[in-house]
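Since the structure comes first, as C-alpha cells, the remarks are kept for the end.
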Amino acid sequence: MPQDCIFCKIYHRQVPSTILYDDGQAFVIRDIHPRAPVHLLIIPTRHFTYLTYLTESFEPMVGHLFTVAEEMAKREGLGATGYRIVVNQGSNSGQEVPHLHLHLLGGKRLGPLG
Ligand code: AMP
Ligand code: ZN
C-alpha cells in the first residue's frame with residue numbers, strides 16, 4: 001500500500017472516515033466535497049492507479065465496481081431517478097487521487113458533461 005494514498009489510508013483505518021460498504025474487493029465512502037445530493041466514491045480495496053495499467057486480470061475488479069455502484073444507487077434511492085458514474089483519469093480530468101474510483105452522482109438533475 002502506498003504510504004501517501006488517502007483512499008488506502010481510509011481503507012486501512014489510518015484516516016477516519018465512514019465506510020458505507022465493504023465486501024473485501026471494493027468499498028464505498030461519501031465524497032468529502034459532494035457535487036450532488038448523493039456523491040459516493042466506489043473504490044477497489046487494493047491500490048490500483050490508472051486505467052493505463054488495465055490488463056485482463058483486472059477486468060473482474062473493474063466490473064465489480066459497477067456492480068457495487070448499482071447496488072449503492074438502489075440503497076441511496078436513485079433507482080427511479082437515475083444517476084451518473086464518472087471516472088477521472090489524468091490532469092485534464094482534474095483527477096486528484098491516483099487510486100482508481102468511480103464517482104456515483106445523483107439526487108438532482110445533473111448538468112451537461114464536460
Ligand atoms: P478525483 O478528482 O476523481 O481523483 O476524485 C477524488 C475525490 O476524492 C474528490 O472528489 C475529493 O473530494 C474526494 N476526497 C478526497 N479526500 C477525501 C476524503 N478524505 N474522504 C472522502 N472523499 C475525499
Ligand atoms: Zn491507494
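How things are named: the first chain in the C-alpha cells is A, the next is B, and so on; residues count from 1 in each chain; ligands count from 1 in the order shown.
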
Worksheet entry | Near-Thr45 in chain A list (7 Å; only C-alpha atoms; drop same-chain fewer than 3 positions) as JSON, numbers by chain | {"A": [11, 24, 25, 26, 27]}

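If you count only C-alpha atoms and ignore residues fewer than 5 places along the chain from range 59-70 of chain A, what sits within 9 Å of it is Tyr21, Gln25, Ala26, Phe27, Val28, Leu40, Leu41, Ile42, Ile43, Pro44, Leu54, Arg75, Gly79, Ile85, His101, Leu102, His103 and Leu104 of chain A.
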
Item to complete: Write out as number ranges by chain all residues of chain A that backbone DSSP assigns to strand (DSSP E).
Response: A: 21-22, 26-30, 38-44, 83-86, 102-106

Let's have the selection written as an mmCIF file, in the first residue's frame, with C-alpha atoms.
```cif
data_model
loop_
_atom_site.group_PDB
_atom_site.id
_atom_site.type_symbol
_atom_site.label_atom_id
_atom_site.label_comp_id
_atom_site.auth_asym_id
_atom_site.auth_seq_id
_atom_site.Cartn_x
_atom_site.Cartn_y
_atom_site.Cartn_z
ATOM 1 C CA TYR A 21 -19.988 -0.635 2.174
ATOM 2 C CA ASP A 22 -17.083 -3.102 2.122
ATOM 3 C CA ALA A 26 -14.472 -2.715 -3.158
ATOM 4 C CA PHE A 27 -15.506 -0.176 -0.563
ATOM 5 C CA VAL A 28 -17.641 2.956 -0.609
ATOM 6 C CA ILE A 29 -17.391 6.321 1.117
ATOM 7 C CA ARG A 30 -19.168 9.647 0.707
ATOM 8 C CA VAL A 38 -25.661 11.881 -3.395
ATOM 9 C CA HIS A 39 -21.948 11.701 -4.196
ATOM 10 C CA LEU A 40 -20.293 8.401 -3.387
ATOM 11 C CA LEU A 41 -16.874 7.020 -4.259
ATOM 12 C CA ILE A 42 -16.628 3.327 -5.197
ATOM 13 C CA ILE A 43 -13.044 2.265 -4.658
ATOM 14 C CA PRO A 44 -11.134 -1.015 -5.131
ATOM 15 C CA TYR A 83 -27.518 8.697 -11.690
ATOM 16 C CA ARG A 84 -24.158 9.360 -13.291
ATOM 17 C CA ILE A 85 -20.880 7.483 -12.949
ATOM 18 C CA VAL A 86 -17.668 9.425 -13.573
ATOM 19 C CA LEU A 102 -15.968 5.650 -9.589
ATOM 20 C CA HIS A 103 -17.865 8.790 -8.648
ATOM 21 C CA LEU A 104 -21.571 7.999 -8.242
ATOM 22 C CA LEU A 105 -23.619 11.200 -8.512
ATOM 23 C CA GLY A 106 -27.344 11.664 -8.185
#
```

Fill in: Surrounding residues as a ChimeraX atom specification, ligand 1, max 9 Å, only C-alpha atoms and all ligand atoms
/A:6-7,9-10,15-18,29-35,39-41,86-90,93-103

List every residue of chain A that has an atom at most 7 Å from any atom of ligand 2, and for each one report the closest atom pair and its distance in Å to one decimal, counting only C-alpha atoms and all ligand atoms, with rows sorted by chain and then by increasing residue number, as a tab-separated table.
```
residue	atom	partner	partner_atom_place_in_ligand_line	distance
A:Met1	CA	ligand 2	1 (Zn)	6.4
A:Pro2	CA	ligand 2	1 (Zn)	6.2
A:Cys5	CA	ligand 2	1 (Zn)	4.6
A:Ile6	CA	ligand 2	1 (Zn)	6.5
A:Phe7	CA	ligand 2	1 (Zn)	5.0
A:Cys8	CA	ligand 2	1 (Zn)	4.0
A:Arg46	CA	ligand 2	1 (Zn)	6.9
A:His47	CA	ligand 2	1 (Zn)	4.1
A:Phe48	CA	ligand 2	1 (Zn)	6.6
A:His99	CA	ligand 2	1 (Zn)	4.8
```

Worksheet item: Taking into account only C-alpha atoms, which residue in the set A:Arg13, A:Tyr53, A:Asp4, A:Gly107 is nearest to Ala73 in chain A?
Response: A:Gly107
